[in-house]
>>> print(open('run_9.txt').read())   # compact mmCIF, C-alpha atoms
# COMPACT_ATOMS: atom_id res chain seq x y z
CA MET A 1 29.34 -11.45 -7.09
CA ALA A 2 30.75 -11.06 -3.59
CA LYS A 3 28.19 -11.08 -0.84
CA SER A 4 27.73 -8.15 1.52
CA GLN A 5 27.33 -8.40 5.26
CA ILE A 6 24.19 -6.64 6.47
CA SER A 7 22.71 -6.22 9.90
CA MET A 8 19.32 -4.89 10.86
CA THR A 9 16.54 -5.27 13.39
CA VAL A 10 13.59 -7.31 12.17
CA ASN A 11 10.52 -7.58 14.38
CA GLY A 12 12.63 -6.57 17.38
CA LYS A 13 15.36 -9.12 16.74
CA LYS A 14 18.89 -8.34 15.57
CA VAL A 15 19.82 -10.19 12.41
CA GLU A 16 23.14 -10.43 10.62
CA GLU A 17 23.25 -12.02 7.21
CA LEU A 18 25.23 -12.24 4.01
CA VAL A 19 23.37 -11.19 0.87
CA GLU A 20 24.10 -10.66 -2.78
CA PRO A 21 23.68 -6.95 -3.56
CA ARG A 22 20.97 -7.79 -6.11
CA THR A 23 18.81 -9.60 -3.55
CA LEU A 24 15.55 -7.73 -3.12
CA LEU A 25 14.42 -7.06 0.42
CA VAL A 26 11.26 -9.13 -0.05
CA HIS A 27 13.28 -12.16 -1.18
CA PHE A 28 15.67 -11.69 1.73
CA LEU A 29 12.82 -11.56 4.24
CA ARG A 30 10.99 -14.54 2.77
CA GLU A 31 13.80 -16.85 1.76
CA GLN A 32 16.59 -16.08 4.22
CA LEU A 33 14.62 -15.04 7.30
CA HIS A 34 11.61 -17.25 6.46
CA LEU A 35 9.20 -14.38 7.06
CA THR A 36 6.64 -15.16 4.40
CA GLY A 37 4.14 -12.53 5.53
CA PRO A 38 5.36 -9.94 3.02
CA HIS A 39 3.85 -11.30 -0.19
CA ILE A 40 5.18 -11.09 -3.70
CA GLY A 41 2.24 -9.84 -5.73
CA CYS A 42 2.86 -7.69 -8.77
CA GLU A 43 6.63 -7.28 -8.38
CA THR A 44 6.30 -3.89 -10.07
CA SER A 45 5.78 -1.57 -7.05
CA HIS A 46 2.04 -1.31 -7.62
CA CYS A 47 0.15 -3.74 -5.42
CA GLY A 48 1.62 -3.19 -1.94
CA ALA A 49 1.33 -6.85 -0.87
CA CYS A 50 5.05 -6.75 0.02
CA THR A 51 4.71 -3.67 2.27
CA VAL A 52 6.85 -3.61 5.40
CA ASP A 53 7.46 -0.89 7.96
CA LEU A 54 11.05 0.35 7.72
CA ASP A 55 12.37 3.09 10.03
CA GLY A 56 8.87 4.52 10.39
CA LYS A 57 8.00 4.41 6.70
CA SER A 58 5.78 2.06 4.72
CA VAL A 59 8.01 0.55 2.07
CA LYS A 60 7.40 -1.84 -0.81
CA SER A 61 10.01 -4.50 -0.11
CA CYS A 62 9.99 -5.67 -3.73
CA THR A 63 11.45 -2.33 -4.76
CA MET A 64 14.40 -2.13 -2.41
CA PHE A 65 17.58 -4.15 -2.25
CA ALA A 66 18.32 -5.84 1.06
CA VAL A 67 21.68 -4.01 1.16
CA GLN A 68 19.82 -0.69 1.10
CA ALA A 69 18.05 -1.75 4.29
CA ASN A 70 21.33 -2.31 6.11
CA GLY A 71 21.13 -0.76 9.59
CA THR A 72 17.37 -0.24 9.54
CA ASP A 73 14.57 -1.32 11.86
CA ILE A 74 11.95 -3.39 10.04
CA ARG A 75 8.57 -4.66 11.06
CA THR A 76 6.60 -7.21 9.06
CA ILE A 77 3.15 -8.66 9.72
CA GLU A 78 4.87 -11.35 11.82
CA GLY A 79 5.89 -8.62 14.26
CA MET A 80 2.43 -7.14 14.75
CA ALA A 81 1.02 -9.45 17.42
CA ALA A 82 2.32 -9.33 21.00
CA ALA A 83 4.85 -11.93 22.17
CA ASP A 84 2.06 -13.88 23.90
CA GLY A 85 0.12 -14.09 20.63
CA THR A 86 -2.40 -11.36 21.41
CA LEU A 87 -3.39 -9.85 18.10
CA HIS A 88 -2.66 -6.22 17.34
CA ALA A 89 -5.81 -4.06 17.28
CA LEU A 90 -5.58 -3.91 13.48
CA GLN A 91 -5.36 -7.69 13.13
CA ASP A 92 -8.31 -8.07 15.45
CA ALA A 93 -10.23 -5.41 13.52
CA PHE A 94 -9.63 -7.14 10.17
CA ARG A 95 -11.07 -10.31 11.72
CA GLU A 96 -14.03 -8.59 13.37
CA MET A 97 -14.94 -6.50 10.33
CA HIS A 98 -14.28 -9.19 7.71
CA GLY A 99 -11.47 -7.07 6.28
CA LEU A 100 -10.17 -9.93 4.18
CA GLN A 101 -11.46 -12.39 1.66
CA CYS A 102 -8.62 -14.33 0.04
CA GLY A 103 -6.13 -12.71 2.43
CA PHE A 104 -3.32 -12.15 -0.05
CA CYS A 105 -3.22 -8.38 0.39
CA THR A 106 -3.84 -8.51 4.15
CA PRO A 107 -0.25 -8.44 5.49
CA GLY A 108 0.53 -5.40 3.34
CA MET A 109 -2.78 -3.74 4.21
CA ILE A 110 -2.28 -4.17 7.96
CA VAL A 111 1.35 -3.07 7.98
CA ARG A 112 0.45 -0.01 5.87
CA ALA A 113 -2.57 0.78 8.06
CA TYR A 114 -0.30 0.53 11.11
CA ARG A 115 1.91 3.38 9.83
CA LEU A 116 -1.14 5.36 8.70
CA LEU A 117 -2.57 5.22 12.23
CA GLN A 118 0.81 6.14 13.71
CA GLU A 119 0.74 9.33 11.64
CA ASN A 120 -2.97 10.05 11.92
CA LYS A 121 -4.73 8.55 14.94
CA ASN A 122 -8.21 9.45 13.80
CA PRO A 123 -8.32 9.40 10.00
CA THR A 124 -11.48 10.15 8.05
CA GLU A 125 -12.76 7.59 5.59
CA GLU A 126 -11.27 9.65 2.78
CA GLU A 127 -7.89 9.80 4.51
CA ILE A 128 -7.92 6.03 4.97
CA ARG A 129 -8.74 5.45 1.31
CA PHE A 130 -5.97 7.86 0.28
CA GLY A 131 -3.60 6.31 2.82
CA ILE A 132 -4.04 2.78 1.47
CA SER A 133 -4.05 3.82 -2.17
CA GLY A 134 -0.74 2.00 -2.65
CA ASN A 135 -2.31 -1.32 -1.64
CA LEU A 136 -4.51 -3.26 -4.02
CA CYS A 137 -7.13 -5.82 -2.99
CA ARG A 138 -8.09 -7.90 -6.00
CA CYS A 139 -11.10 -9.30 -4.17
CA THR A 140 -12.06 -5.59 -4.12
CA GLY A 141 -12.97 -5.88 -0.46
CA TYR A 142 -12.11 -2.27 0.22
CA GLN A 143 -15.32 -1.43 2.05
CA ASN A 144 -14.56 -3.81 4.90
CA ILE A 145 -10.86 -2.98 4.88
CA VAL A 146 -11.71 0.68 5.41
CA LYS A 147 -14.21 -0.33 8.09
CA ALA A 148 -11.58 -2.47 9.83
CA ILE A 149 -9.09 0.40 9.90
CA GLN A 150 -11.77 2.72 11.30
CA TYR A 151 -12.61 0.11 13.91
CA ALA A 152 -8.95 -0.29 14.92
CA ALA A 153 -8.44 3.48 15.03
CA ALA A 154 -11.43 3.84 17.35
CA LYS A 155 -10.26 1.00 19.55
CA LEU A 156 -6.72 2.32 19.80
CA SER A 157 -7.84 5.84 20.68
CA GLY A 158 -10.76 4.81 22.88
CA ALA A 159 -13.26 6.67 20.66
CA PRO A 160 -16.64 5.25 19.63
CA PHE A 161 -16.59 3.32 16.35
CA GLN A 162 -18.40 4.92 13.45
CA GLU A 163 -18.98 2.77 10.45
CA ALA A 164 -18.20 3.97 6.95
CA ALA A 165 -21.23 4.75 4.86
CA GLU A 166 -22.23 1.84 2.62
CA MET B 1 12.12 -10.62 -11.65
CA ILE B 2 15.66 -10.73 -10.35
CA PRO B 3 18.07 -8.02 -11.47
CA ALA B 4 21.47 -8.81 -12.95
CA SER B 5 24.43 -8.85 -10.55
CA PHE B 6 26.13 -5.61 -9.63
CA ALA B 7 28.65 -4.29 -7.12
CA TYR B 8 27.12 -2.06 -4.46
CA HIS B 9 28.77 1.12 -3.19
CA ARG B 10 27.54 3.38 -0.45
CA PRO B 11 29.63 6.57 -0.21
CA SER B 12 29.15 8.91 2.73
CA SER B 13 30.06 12.19 1.02
CA ILE B 14 29.39 13.89 -2.32
CA LYS B 15 33.13 13.96 -2.99
CA GLU B 16 33.45 10.23 -2.41
CA ALA B 17 30.43 9.56 -4.66
CA VAL B 18 31.83 11.69 -7.48
CA THR B 19 35.26 10.03 -7.19
CA LEU B 20 33.59 6.61 -7.37
CA LEU B 21 31.55 7.71 -10.40
CA GLY B 22 34.75 8.82 -12.13
CA SER B 23 36.68 5.64 -11.36
CA LEU B 24 34.24 2.79 -11.95
CA GLY B 25 33.99 3.09 -15.73
CA ASP B 26 30.94 3.63 -17.92
CA ASP B 27 28.71 0.90 -16.56
CA VAL B 28 27.71 2.63 -13.37
CA ARG B 29 24.48 4.13 -12.09
CA THR B 30 23.64 6.18 -9.04
CA ILE B 31 20.57 5.16 -7.06
CA ALA B 32 18.45 7.57 -5.02
CA GLY B 33 15.03 6.20 -3.99
CA GLY B 34 15.37 3.59 -6.70
CA HIS B 35 11.68 3.53 -7.59
CA SER B 36 12.38 4.17 -11.26
CA LEU B 37 15.72 2.36 -11.47
CA ILE B 38 14.94 -0.86 -9.56
CA PRO B 39 11.87 -1.70 -11.69
CA MET B 40 14.07 -1.12 -14.78
CA MET B 41 16.74 -3.40 -13.30
CA LYS B 42 14.17 -6.09 -12.55
CA LEU B 43 13.08 -6.01 -16.18
CA ARG B 44 16.78 -6.03 -17.18
CA LEU B 45 16.21 -2.84 -19.11
CA ALA B 46 19.05 -1.58 -16.93
CA SER B 47 21.86 -3.81 -15.70
CA PRO B 48 24.65 -1.62 -14.38
CA ALA B 49 27.85 -3.31 -13.18
CA HIS B 50 28.08 -0.84 -10.31
CA LEU B 51 25.42 0.84 -8.24
CA ILE B 52 26.29 3.88 -6.15
CA ASP B 53 23.71 4.38 -3.40
CA LEU B 54 23.35 8.06 -2.46
CA ALA B 55 21.31 7.35 0.69
CA GLY B 56 24.29 7.60 3.03
CA ILE B 57 25.20 11.18 2.07
CA ALA B 58 23.91 13.62 4.68
CA ASP B 59 24.72 16.65 2.48
CA LEU B 60 22.10 15.56 -0.05
CA LYS B 61 19.28 15.92 2.46
CA GLY B 62 17.31 18.79 3.90
CA ILE B 63 15.43 21.91 2.88
CA ARG B 64 16.90 25.36 3.56
CA GLU B 65 16.65 29.00 2.59
CA ASP B 66 19.40 30.80 0.74
CA GLY B 67 18.53 34.46 0.21
CA GLU B 68 15.54 34.62 -2.15
CA ASP B 69 15.81 30.93 -2.97
CA VAL B 70 14.93 27.66 -1.32
CA ILE B 71 17.43 24.84 -1.70
CA ILE B 72 16.07 21.31 -1.57
CA GLY B 73 18.56 18.48 -1.16
CA ALA B 74 18.30 15.94 -3.96
CA MET B 75 17.64 13.05 -1.55
CA THR B 76 14.62 14.78 0.01
CA THR B 77 11.73 12.35 -0.40
CA GLN B 78 8.30 13.22 -1.78
CA HIS B 79 6.93 12.39 1.67
CA GLU B 80 9.27 14.97 3.21
CA VAL B 81 8.23 17.56 0.62
CA ILE B 82 4.57 17.00 1.55
CA ALA B 83 5.35 17.10 5.28
CA SER B 84 7.31 20.37 5.08
CA ASP B 85 5.33 23.29 6.52
CA PHE B 86 8.05 25.58 5.25
CA LEU B 87 7.56 24.46 1.63
CA ALA B 88 3.77 24.49 2.01
CA LYS B 89 4.04 28.16 2.94
CA LYS B 90 6.73 29.30 0.49
CA ILE B 91 6.25 27.11 -2.60
CA PRO B 92 2.93 25.28 -2.16
CA ILE B 93 2.88 23.94 -5.74
CA LEU B 94 5.60 21.49 -4.68
CA SER B 95 3.51 19.64 -2.10
CA GLU B 96 0.49 19.83 -4.41
CA THR B 97 2.60 18.03 -7.02
CA SER B 98 4.26 15.52 -4.69
CA ILE B 99 0.91 14.33 -3.41
CA VAL B 100 -0.24 13.24 -6.89
CA ILE B 101 2.95 11.28 -7.54
CA ALA B 102 2.66 7.50 -7.27
CA ASP B 103 1.29 6.22 -3.91
CA PRO B 104 2.13 6.59 -0.19
CA GLN B 105 4.77 3.83 -0.10
CA VAL B 106 6.55 5.16 -3.17
CA ARG B 107 6.48 8.72 -1.79
CA TYR B 108 8.22 7.61 1.42
CA VAL B 109 11.20 6.50 -0.66
CA GLY B 110 11.08 8.32 -3.99
CA THR B 111 13.18 11.49 -4.04
CA ILE B 112 12.76 14.89 -5.63
CA GLY B 113 16.30 14.67 -7.03
CA GLY B 114 15.62 11.34 -8.70
CA ASN B 115 12.37 12.67 -10.08
CA VAL B 116 14.02 15.66 -11.76
CA ALA B 117 17.29 14.02 -12.82
CA ASN B 118 15.94 10.80 -14.32
CA GLY B 119 14.72 12.52 -17.48
CA ASP B 120 11.56 10.42 -17.72
CA PRO B 121 8.93 12.60 -19.43
CA GLY B 122 6.35 10.96 -17.15
CA ASN B 123 7.89 12.43 -14.01
CA ASP B 124 5.87 15.29 -12.56
CA MET B 125 8.49 17.52 -10.95
CA PRO B 126 10.43 18.51 -14.10
CA ALA B 127 7.62 20.60 -15.62
CA VAL B 128 6.95 22.16 -12.22
CA MET B 129 10.64 23.05 -11.91
CA MET B 130 10.58 24.59 -15.39
CA CYS B 131 7.49 26.53 -14.36
CA LEU B 132 9.26 27.78 -11.21
CA ASN B 133 12.50 28.53 -13.12
CA ALA B 134 14.45 26.26 -10.77
CA THR B 135 18.15 25.49 -11.13
CA TYR B 136 19.84 22.16 -10.53
CA HIS B 137 23.19 21.96 -8.76
CA ALA B 138 25.31 19.37 -10.57
CA VAL B 139 28.57 18.23 -9.02
CA GLY B 140 31.31 16.37 -10.89
CA GLU B 141 35.01 15.83 -10.29
CA SER B 142 35.76 19.30 -11.65
CA GLY B 143 33.36 20.97 -9.20
CA GLU B 144 29.82 22.32 -9.22
CA ARG B 145 27.87 23.86 -12.07
CA ARG B 146 24.30 25.07 -12.17
CA ILE B 147 21.89 24.08 -14.89
CA SER B 148 18.54 25.76 -15.46
CA ALA B 149 15.63 23.31 -15.38
CA ARG B 150 14.44 24.99 -18.59
CA GLU B 151 17.64 23.86 -20.34
CA PHE B 152 18.08 20.50 -18.65
CA TYR B 153 15.78 18.20 -20.63
CA GLN B 154 16.94 17.19 -24.12
CA GLY B 155 14.94 14.05 -24.86
CA ALA B 156 13.40 11.04 -23.13
CA TYR B 157 16.00 10.08 -20.49
CA VAL B 158 18.49 12.47 -22.10
CA THR B 159 19.49 15.44 -19.98
CA ALA B 160 22.22 18.06 -19.74
CA LEU B 161 23.79 16.07 -16.90
CA LYS B 162 27.22 14.78 -17.98
CA PRO B 163 28.59 11.35 -17.14
CA GLY B 164 30.25 11.59 -13.75
CA GLU B 165 27.90 14.29 -12.46
CA ILE B 166 25.32 14.05 -9.69
CA VAL B 167 22.39 16.40 -9.09
CA THR B 168 22.97 17.38 -5.47
CA ALA B 169 20.26 19.99 -4.93
CA ILE B 170 17.46 21.95 -6.53
CA ARG B 171 17.41 25.72 -6.15
CA VAL B 172 13.96 27.23 -6.44
CA PRO B 173 13.34 30.99 -6.48
CA VAL B 174 10.48 31.61 -4.04
CA PRO B 175 7.44 32.97 -5.93
CA ALA B 176 6.10 36.30 -4.68
CA ALA B 177 3.93 36.17 -1.57
CA GLY B 178 0.26 35.96 -2.57
CA HIS B 179 0.98 34.22 -5.85
CA GLY B 180 -1.50 31.75 -7.28
CA HIS B 181 -0.48 28.25 -8.20
CA ALA B 182 -1.92 24.93 -9.35
CA TYR B 183 -0.80 21.55 -10.60
CA GLU B 184 -3.56 19.75 -12.46
CA LYS B 185 -2.89 16.13 -13.37
CA LEU B 186 -5.13 13.78 -15.29
CA LYS B 187 -4.30 10.15 -14.61
CA ARG B 188 -6.13 6.88 -15.05
CA LYS B 189 -5.56 5.69 -11.50
CA VAL B 190 -3.38 6.16 -8.43
CA GLY B 191 0.24 5.50 -9.30
CA ASP B 192 -0.11 6.26 -12.99
CA TYR B 193 1.88 8.77 -14.96
CA ALA B 194 -0.07 11.72 -16.29
CA THR B 195 -2.19 11.43 -19.39
CA ALA B 196 -1.44 15.15 -19.34
CA ALA B 197 -0.70 17.65 -16.57
CA ALA B 198 -0.19 21.38 -16.26
CA ALA B 199 1.62 23.55 -13.73
CA VAL B 200 0.81 27.25 -13.31
CA VAL B 201 2.37 29.92 -11.11
CA LEU B 202 1.11 33.46 -11.52
CA THR B 203 0.95 36.77 -9.72
CA ALA B 204 -1.76 39.39 -10.04
CA SER B 205 -1.82 43.15 -9.79
CA GLY B 206 -4.87 45.40 -10.18
CA GLY B 207 -7.07 42.55 -11.40
CA LYS B 208 -4.62 41.53 -14.12
CA VAL B 209 -1.97 38.88 -14.46
CA ALA B 210 1.39 40.47 -13.64
CA SER B 211 3.51 37.39 -14.22
CA CYS B 212 2.77 33.85 -15.28
CA SER B 213 4.71 30.69 -15.97
CA ILE B 214 3.32 27.42 -17.32
CA GLY B 215 4.80 23.91 -17.45
CA LEU B 216 3.36 20.77 -19.09
CA THR B 217 3.99 17.13 -18.11
CA ASN B 218 4.10 14.00 -20.27
CA VAL B 219 2.87 15.45 -23.53
CA ALA B 220 6.23 15.37 -25.37
CA GLU B 221 9.61 13.63 -25.23
CA THR B 222 10.55 16.16 -22.55
CA PRO B 223 8.66 18.24 -20.02
CA LEU B 224 7.64 21.55 -21.60
CA TRP B 225 7.86 25.16 -20.54
CA ALA B 226 4.98 26.87 -22.33
CA GLU B 227 6.63 30.27 -22.74
CA GLU B 228 4.34 31.58 -25.46
CA ALA B 229 1.17 30.61 -23.58
CA SER B 230 2.55 32.25 -20.45
CA LYS B 231 3.21 35.51 -22.32
CA ILE B 232 -0.30 35.55 -23.79
CA VAL B 233 -2.00 35.65 -20.38
CA ILE B 234 0.30 38.29 -18.86
CA GLY B 235 -1.53 41.63 -18.76
CA SER B 236 -4.94 40.01 -19.17
CA ALA B 237 -7.70 39.46 -16.62
CA LEU B 238 -7.75 35.81 -17.73
CA ASP B 239 -10.92 36.43 -19.73
CA ALA B 240 -12.25 33.52 -21.77
CA ALA B 241 -10.85 34.77 -25.10
CA THR B 242 -7.32 35.16 -23.71
CA VAL B 243 -7.39 31.80 -21.98
CA LYS B 244 -8.51 30.20 -25.25
CA LYS B 245 -5.58 31.79 -27.08
CA ALA B 246 -3.15 30.60 -24.41
CA ILE B 247 -4.54 27.07 -24.54
CA THR B 248 -4.13 27.00 -28.32
CA ALA B 249 -0.50 28.13 -27.92
CA ALA B 250 0.16 25.49 -25.24
CA GLU B 251 -1.45 22.71 -27.26
CA ALA B 252 0.65 23.68 -30.27
CA ILE B 253 3.93 22.78 -28.55
CA THR B 254 2.80 19.31 -27.43
CA SER B 255 3.69 16.13 -29.31
CA PRO B 256 2.50 13.27 -27.11
CA ALA B 257 2.73 9.61 -28.04
CA SER B 258 -0.41 7.57 -28.62
CA ASP B 259 -0.36 4.93 -25.92
CA GLY B 260 -2.52 3.26 -23.28
CA ARG B 261 -3.35 6.70 -21.92
CA GLY B 262 -5.04 7.62 -25.18
CA PRO B 263 -4.40 8.78 -28.73
CA ALA B 264 -2.04 11.72 -29.23
CA ALA B 265 -4.83 14.14 -30.19
CA TYR B 266 -6.73 13.32 -26.99
CA ARG B 267 -3.68 13.82 -24.82
CA THR B 268 -3.01 17.19 -26.45
CA LYS B 269 -6.61 18.21 -25.75
CA MET B 270 -6.28 17.02 -22.16
CA ALA B 271 -3.16 19.17 -21.76
CA GLY B 272 -5.37 22.10 -22.74
CA VAL B 273 -8.09 21.07 -20.29
CA MET B 274 -5.58 20.65 -17.46
CA LEU B 275 -4.13 24.07 -18.25
CA THR B 276 -7.59 25.68 -18.26
CA ARG B 277 -8.29 24.21 -14.82
CA ALA B 278 -4.86 25.13 -13.49
CA LEU B 279 -5.24 28.74 -14.67
CA ASP B 280 -8.68 28.90 -13.03
CA ARG B 281 -7.42 27.60 -9.72
CA ALA B 282 -4.26 29.72 -9.74
CA LYS B 283 -6.39 32.77 -10.51
CA ALA B 284 -8.69 32.08 -7.56
CA ARG B 285 -5.73 31.55 -5.28
CA ALA B 286 -4.12 34.81 -6.40
CA GLY B 287 -7.37 36.46 -5.32
CA PHE B 288 -8.86 37.82 -8.53
>>> encode(input="run_9.txt", output="structure tokens")
Amino acid sequence: MAKSQISMTVNGKKVEELVEPRTLLVHFLREQLHLTGPHIGCETSHCGACTVDLDGKSVKSCTMFAVQANGTDIRTIEGMAAADGTLHALQDAFREMHGLQCGFCTPGMIVRAYRLLQENKNPTEEEIRFGISGNLCRCTGYQNIVKAIQYAAAKLSGAPFQEAAE
Amino acid sequence: MIPASFAYHRPSSIKEAVTLLGSLGDDVRTIAGGHSLIPMMKLRLASPAHLIDLAGIADLKGIREDGEDVIIGAMTTQHEVIASDFLAKKIPILSETSIVIADPQVRYVGTIGGNVANGDPGNDMPAVMMCLNATYHAVGESGERRISAREFYQGAYVTALKPGEIVTAIRVPVPAAGHGHAYEKLKRKVGDYATAAAAVVLTASGGKVASCSIGLTNVAETPLWAEEASKIVIGSALDAATVKKAITAAEAITSPASDGRGPAAYRTKMAGVMLTRALDRAKARAGF
């Protein structure tokens, strides 16, 4: 099948590539752009490990063809830290609050939490849990993930941090 | 999980899309949000030779008023339905339904048009559209026709849509101001299809139900409009005896499959339970 030319912005950089129409966005990011942060977990749109931020939306990159993302602006976990390596508040919060165990779900969790906090700067615990309901953590470390997102939200808005009830 | 090869087309107008649909042969599918189709393609349960992406068509987007109706573009996402203050005010059952569909990521991409046109009995919007007496605008090469949601669903994945036609918009008559509504969905977990779900829109006058319409999700090969059950509650004060009669009538039209969500008899019972709760909540919201 003939390849299609696509161009998009990924983590602030313009990219132009040839892809087969059937290439899924997650495969394109991992195998052609070598951005292996978006993980392939369930491959059935359930687990959210492949979540990327695309034109201001959290998207499961295993359920979109790369050609559909032509012309979009994408951010993956690799684009979260500052150019000098300073971690994003969410990355720092996941470290501080032990928001990861095996780490497999973490890129998707952080990228999803990033969009959640863009839309709701001061979410309640319930709103966080609802907001990350498309991301599964098979270590079941949700308590600390929620705590990390609360911590990052507080840090980003300059409010005092209030821990989720145990 | 790599889909079979296909040729990708991205028209920028409805006319162009319909012309493509008419010229590419039988092995062609349109793709909206793709969150039903792409998983099917990954499993090779679908392997179209051509894929027509509707995302580049501006005329398929947006929510607007047209007289007594609201017209929702087919490519409006569930996220946009939830975010619409206008819909929340005029037809609040739509956002109440969207928010129990799938998960946040899927709702950013999944569309209302895909949800109604796919014909999957597990989709939530079809029963709600039957409940609201919505109409689908279908455009083919010979022009536009309008199909009532109540006549659209013929079997699992079988609809009144003809080959070569695209659902471009959904026309929903705005329920009377002060109406009560509810969508009650029982599901095993976030992202699951309903074990059973019920949609209710009703109006009240003088402490009695003046009008009522009921839809049921995922308890038959198609979504169901529970006409008989709706008629039973009209004129009543939704007293226990009347509600019981209506539930019996609603349960009688279900024919769910026994599957991972439970045996058929359980799912029928759960349809009744969801309807009881939906009637309760709609009643409270209608203020009686």
>>> residues_around(input="run_9.txt", residues="stretch 95-105 of chain B", least_positions_apart="4", cutoff="9 Å", atoms="only C-alpha atoms", output="PyMOL selection string")
(chain A and resi 45-46+48+51+57-60+112+130-135) or (chain B and resi 78-79+81-84+87-88+91+109-110+112+123-125+128+182-185+190-193+199)
>>> closest_residue(input="run_9.txt", among="B:Gly262, B:Pro256, B:Gly113, B:Pro39", to="chain A", atoms="only C-alpha atoms")
B:Pro39
>>> interface_residues(input="run_9.txt", of="chain B", to="chain A", cutoff="12 Å", atoms="only C-alpha atoms", output="PyMOL selection string")
chain B and resi 1-10+31-44+47-56+77+79-80+83+99-110+189-192
>>> atom_distance(input="run_9.txt", atom1="atom CA of B:Ile234", atom2="atom CA of B:Ala265")
27.2 Å
>>> atom_distance(input="run_9.txt", atom1="atom CA of B:Ser255", atom2="atom CA of B:Val273")
15.6 Å
>>> atom_distance(input="run_9.txt", atom1="atom CA of B:Lys269", atom2="atom CA of B:Arg281")
18.6 Å
>>> decode(input="run_9.txt", residues="stretch 227-238 of chain B", atoms="N, CA and C atoms", output="PDB file, in the first residue's frame")
ATOM      1  N   GLU B 227     -42.646   1.709  24.160  1.00  0.00           N
ATOM      2  CA  GLU B 227     -43.847   2.518  23.923  1.00  0.00           C
ATOM      3  C   GLU B 227     -44.970   2.161  24.896  1.00  0.00           C
ATOM      4  N   GLU B 228     -45.181   0.872  25.091  1.00  0.00           N
ATOM      5  CA  GLU B 228     -46.268   0.417  25.955  1.00  0.00           C
ATOM      6  C   GLU B 228     -46.035   0.889  27.408  1.00  0.00           C
ATOM      7  N   ALA B 229     -44.802   0.702  27.873  1.00  0.00           N
ATOM      8  CA  ALA B 229     -44.477   1.125  29.246  1.00  0.00           C
ATOM      9  C   ALA B 229     -44.663   2.634  29.404  1.00  0.00           C
ATOM     10  N   SER B 230     -44.283   3.377  28.360  1.00  0.00           N
ATOM     11  CA  SER B 230     -44.445   4.827  28.409  1.00  0.00           C
ATOM     12  C   SER B 230     -45.920   5.193  28.552  1.00  0.00           C
ATOM     13  N   LYS B 231     -46.766   4.523  27.775  1.00  0.00           N
ATOM     14  CA  LYS B 231     -48.214   4.819  27.795  1.00  0.00           C
ATOM     15  C   LYS B 231     -48.821   4.510  29.161  1.00  0.00           C
ATOM     16  N   ILE B 232     -48.333   3.444  29.780  1.00  0.00           N
ATOM     17  CA  ILE B 232     -48.901   3.031  31.081  1.00  0.00           C
ATOM     18  C   ILE B 232     -48.726   4.124  32.144  1.00  0.00           C
ATOM     19  N   VAL B 233     -47.568   4.808  32.118  1.00  0.00           N
ATOM     20  CA  VAL B 233     -47.346   5.791  33.198  1.00  0.00           C
ATOM     21  C   VAL B 233     -47.997   7.147  32.911  1.00  0.00           C
ATOM     22  N   ILE B 234     -48.344   7.410  31.650  1.00  0.00           N
ATOM     23  CA  ILE B 234     -48.975   8.701  31.335  1.00  0.00           C
ATOM     24  C   ILE B 234     -50.345   8.771  32.025  1.00  0.00           C
ATOM     25  N   GLY B 235     -50.581   9.902  32.710  1.00  0.00           N
ATOM     26  CA  GLY B 235     -51.841  10.081  33.425  1.00  0.00           C
ATOM     27  C   GLY B 235     -51.775   9.620  34.871  1.00  0.00           C
ATOM     28  N   SER B 236     -50.690   8.938  35.236  1.00  0.00           N
ATOM     29  CA  SER B 236     -50.568   8.457  36.616  1.00  0.00           C
ATOM     30  C   SER B 236     -49.726   9.429  37.436  1.00  0.00           C
ATOM     31  N   ALA B 237     -49.716   9.226  38.744  1.00  0.00           N
ATOM     32  CA  ALA B 237     -48.837  10.004  39.621  1.00  0.00           C
ATOM     33  C   ALA B 237     -47.564   9.207  39.894  1.00  0.00           C
ATOM     34  N   LEU B 238     -47.290   8.229  39.059  1.00  0.00           N
ATOM     35  CA  LEU B 238     -46.158   7.318  39.228  1.00  0.00           C
ATOM     36  C   LEU B 238     -46.216   6.620  40.595  1.00  0.00           C
TER      37      LEU B 238
END
